[in-house]
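Notes follow once the structure below has been shown.
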Amino acid sequence: MAKKDEKSKKNAPLIGIDIGGTGIKGGIVDLKKGKLIGDRVRFPTPQPSTPESVAEVVAQVVAELTARHDAPDASSPVGVTFPGIIKHGVVHSAANVDKSWLEADIDAMLTARLGRPVEVINDADAAGLAEARFGAGEGIDGTVLVITLGTGIGSAFIFDGKLVPNAELGHLEIDGFDAETKASAVAREREGLSWEQYSVLLQRYFSHVEFLFSPELFIVGGGISKRSDEYLPHMKLRTPIVPAELKNDAGIVGAAIEIALKHKLAK
């Protein structure tokens with residue numbers, strides 16, 4: 001009986017939470033399909049976005065999802081993303097949330113608040129994990145780089161389907177500048193660039209990353225991946241470059257994948 005129970009837990013649905021600078025969203029993830037079961041839940045990120053206030057909103061999201069009839073068991077682990085470097089459950093950067101997060105043990109804090117196991121992963125890493133397993137990178141061996149273009153430039157480094165965590169490729173120095181200050185989606189808006197002008201900056205950035213890592217595939221995520229036909233055709237790379245497929249659900253799905261892998265609940 002014990003073996004049967006253990007087998008039934010493999011790839012069972014889990015809750016994923018995506019903490020962002022403006023919103024905290026979550027969903028129940030079908031780990032066999034990499035899709036959400038039912039609608040997402042979203043609340044605004046509290047301001048100021050201190051650890052205590054964010055933890056309360058995360059608890060609200062989890063409570064709402066747990067109340068659903070198709071929710072995972074109330075003791076099941078929860079995967080969470082965070083917009084910063086996470087190492088051994090501790091926050092080491094906090095660009096778009098309150099600085100009081102620095103050096104906070106976010107794993108321990110959310111585990112205590114929710115009363116169930118929690119694993120936290122960088123938000124771009126989570127999106128990369130989801131794309132590698134269920135999106136544009138599915139089945140691709142070798143190096144796959146997922147680059148998210150938004151307020152900054154996020155990145156996920158995937159090798160043979162496995163995540164190499166905390167790759168901060170948005171902070172590469174190019175032409176004397178931090179890359180994301182010139183080539184992020186927000187930088188395009190700030191400078192009032194046309195898509196063709198923006199593609200010149202992206203070309204410079206992606207060519208540099210391509211030279212350093214020789215990936216098999218680039219996947220472009222972030223909000224402007226929906227407009228990829230405006231800039232990708234202008235770019236000339238040896239490496240194939242495609243838009244992300246999971247869109248706004250990638251972080252939630254990736255968070256659930258990460259917790260499932262850590263707790264040996266997925267293959």
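Each chain in the structure tokens gets a letter, A, B and so on, in the order shown; residues start at 1 in every chain, and ligands are counted from 1 in the order they appear.
Close contacts of Ser100 of chain A, defined as residues with an atom at most 8 Å away when counting only C-alpha atoms, with chain neighbours fewer than 4 positions off set aside, comprise Thr50, Pro51 and Ala104 of chain A.
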Those same residues, written as a PDB file, in the first residue's frame with N, CA, C and O atoms?
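Output below, filename out-v7.pdb:
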ATOM      1  N   THR A  50       7.553  44.545   2.165  1.00  0.00           N
ATOM      2  CA  THR A  50       8.411  43.964   3.194  1.00  0.00           C
ATOM      3  C   THR A  50       8.177  42.459   3.288  1.00  0.00           C
ATOM      4  O   THR A  50       7.139  41.950   2.834  1.00  0.00           O
ATOM      5  N   PRO A  51       9.099  41.713   3.885  1.00  0.00           N
ATOM      6  CA  PRO A  51       8.910  40.269   4.034  1.00  0.00           C
ATOM      7  C   PRO A  51       7.592  39.907   4.719  1.00  0.00           C
ATOM      8  O   PRO A  51       6.878  39.009   4.263  1.00  0.00           O
ATOM      9  N   ALA A 104      17.378  37.761   4.046  1.00  0.00           N
ATOM     10  CA  ALA A 104      16.261  37.081   4.714  1.00  0.00           C
ATOM     11  C   ALA A 104      16.202  35.616   4.278  1.00  0.00           C
ATOM     12  O   ALA A 104      16.410  35.296   3.105  1.00  0.00           O
TER      13      ALA A 104
END
Taking the DSSP secondary structure from the backbone, can you list the residues of segment 46-251 of chain A that are alpha helix (DSSP H), as an MDAnalysis selection string? chainID A and resid 51:66 106:114 123:134 179:183 185:191 195:213 250:251
Write out as a PDB file with N, CA, C and O atoms, in the first residue's frame which residues come within 12 Å of Arg68 of chain A when counting only C-alpha atoms, dropping same-chain ones fewer than 6 positions away.
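Ended up saving to part18.pdb:
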ATOM      1  N   ILE A  15       0.779  23.477  -5.789  1.00  0.00           N
ATOM      2  CA  ILE A  15       0.575  24.925  -5.869  1.00  0.00           C
ATOM      3  C   ILE A  15       1.898  25.620  -6.179  1.00  0.00           C
ATOM      4  O   ILE A  15       2.931  25.325  -5.576  1.00  0.00           O
ATOM      5  N   GLY A  27      -1.323  29.478  -8.709  1.00  0.00           N
ATOM      6  CA  GLY A  27      -2.231  28.559  -9.364  1.00  0.00           C
ATOM      7  C   GLY A  27      -1.927  27.129  -8.959  1.00  0.00           C
ATOM      8  O   GLY A  27      -0.889  26.847  -8.338  1.00  0.00           O
ATOM      9  N   ILE A  28      -2.844  26.245  -9.284  1.00  0.00           N
ATOM     10  CA  ILE A  28      -2.634  24.806  -9.086  1.00  0.00           C
ATOM     11  C   ILE A  28      -2.091  24.253 -10.402  1.00  0.00           C
ATOM     12  O   ILE A  28      -2.697  24.457 -11.460  1.00  0.00           O
ATOM     13  N   ILE A  37      -4.518  24.244 -13.474  1.00  0.00           N
ATOM     14  CA  ILE A  37      -5.849  23.681 -13.295  1.00  0.00           C
ATOM     15  C   ILE A  37      -6.728  24.810 -12.746  1.00  0.00           C
ATOM     16  O   ILE A  37      -6.545  25.262 -11.618  1.00  0.00           O
ATOM     17  N   GLY A  38      -7.625  25.293 -13.551  1.00  0.00           N
ATOM     18  CA  GLY A  38      -8.459  26.419 -13.124  1.00  0.00           C
ATOM     19  C   GLY A  38      -7.740  27.748 -13.323  1.00  0.00           C
ATOM     20  O   GLY A  38      -6.645  27.814 -13.886  1.00  0.00           O
ATOM     21  N   ASP A  39      -8.348  28.814 -12.857  1.00  0.00           N
ATOM     22  CA  ASP A  39      -7.823  30.165 -13.053  1.00  0.00           C
ATOM     23  C   ASP A  39      -6.706  30.490 -12.064  1.00  0.00           C
ATOM     24  O   ASP A  39      -6.633  29.905 -10.976  1.00  0.00           O
ATOM     25  N   ARG A  40      -5.898  31.469 -12.449  1.00  0.00           N
ATOM     26  CA  ARG A  40      -4.904  32.004 -11.535  1.00  0.00           C
ATOM     27  C   ARG A  40      -5.575  32.857 -10.473  1.00  0.00           C
ATOM     28  O   ARG A  40      -6.652  33.406 -10.696  1.00  0.00           O
ATOM     29  N   VAL A  41      -4.904  32.995  -9.343  1.00  0.00           N
ATOM     30  CA  VAL A  41      -5.302  33.953  -8.303  1.00  0.00           C
ATOM     31  C   VAL A  41      -4.225  35.033  -8.279  1.00  0.00           C
ATOM     32  O   VAL A  41      -3.033  34.729  -8.328  1.00  0.00           O
ATOM     33  N   VAL A  61      -3.114  33.904  -1.054  1.00  0.00           N
ATOM     34  CA  VAL A  61      -3.193  33.200  -2.339  1.00  0.00           C
ATOM     35  C   VAL A  61      -3.285  31.695  -2.112  1.00  0.00           C
ATOM     36  O   VAL A  61      -4.117  30.999  -2.712  1.00  0.00           O
ATOM     37  N   VAL A  62      -2.425  31.175  -1.233  1.00  0.00           N
ATOM     38  CA  VAL A  62      -2.413  29.735  -0.955  1.00  0.00           C
ATOM     39  C   VAL A  62      -3.735  29.297  -0.332  1.00  0.00           C
ATOM     40  O   VAL A  62      -4.291  28.247  -0.697  1.00  0.00           O
ATOM     41  N   ALA A  74      -3.669  19.750   1.823  1.00  0.00           N
ATOM     42  CA  ALA A  74      -3.286  20.969   2.554  1.00  0.00           C
ATOM     43  C   ALA A  74      -1.899  20.882   3.177  1.00  0.00           C
ATOM     44  O   ALA A  74      -1.357  21.894   3.618  1.00  0.00           O
TER      45      ALA A  74
END
Contacts of His88 of chain A at 10 Å (only C-alpha atoms; same-chain gap of 6+ positions) as a list of chain:residue names: A:Asp105, A:Ile106, A:Asp107, A:Glu119, A:Val120, A:Ile121
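Proximity to segment 233-243 of chain A at 8 Å, evaluated using only C-alpha atoms and with sequence-adjacent residues fewer than 4 positions away removed, yields Ala136, Glu196, Ser199, Val200, Leu202, Gln203, Phe206, Ser207, Glu210, Ser214, Pro215, Glu216, Leu217, Phe218, Ile219, Val220, Gly221, Ser225, Lys226, Ser228 and Asp229 of chain A.
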Env of Asp178 of chain A: 12 Å cut, atoms = only C-alpha atoms, seq-sep filter 6 positions within chain, self excluded. Answer as a list in words.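 Neighbouring residues, sequence-local ones excluded: Gly152, Ile153, Glu168, Leu169, Gly170, His171, Leu172, Ser184, Ala187 and Tyr205 of chain A.
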Report as a count of residues only all protein, DNA and RNA residues lying within 12 Å of His263 of chain A, evaluated on only C-alpha atoms, omitting residues in the same chain fewer than 5 positions from it. 16
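The coordinates place atom CA of Glu52 of chain A at 29.1 Å from atom CA of Leu265 of chain A.
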Select from segment 65-253 of chain A everything DSSP, run on the backbone, classes as strand (DSSP E), then give the selection as an MDAnalysis selection string. chainID A and resid 78:82 86:87 90:91 118:122 143:149 153:159 162:164 173:174 177:178 217:221 241:243
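Using only C-alpha atoms, the nearest neighbour of Lys35 of chain A within the list A:Lys162, A:Phe134, A:Thr66, A:Leu193 is A:Phe134.
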Give the answer as one residue: which of A:Gly89, A:Gly150, A:Gly23, A:Gly16 has the shortest atom-to-atom distance to Gly223 of chain A, using only C-alpha atoms? A:Gly150
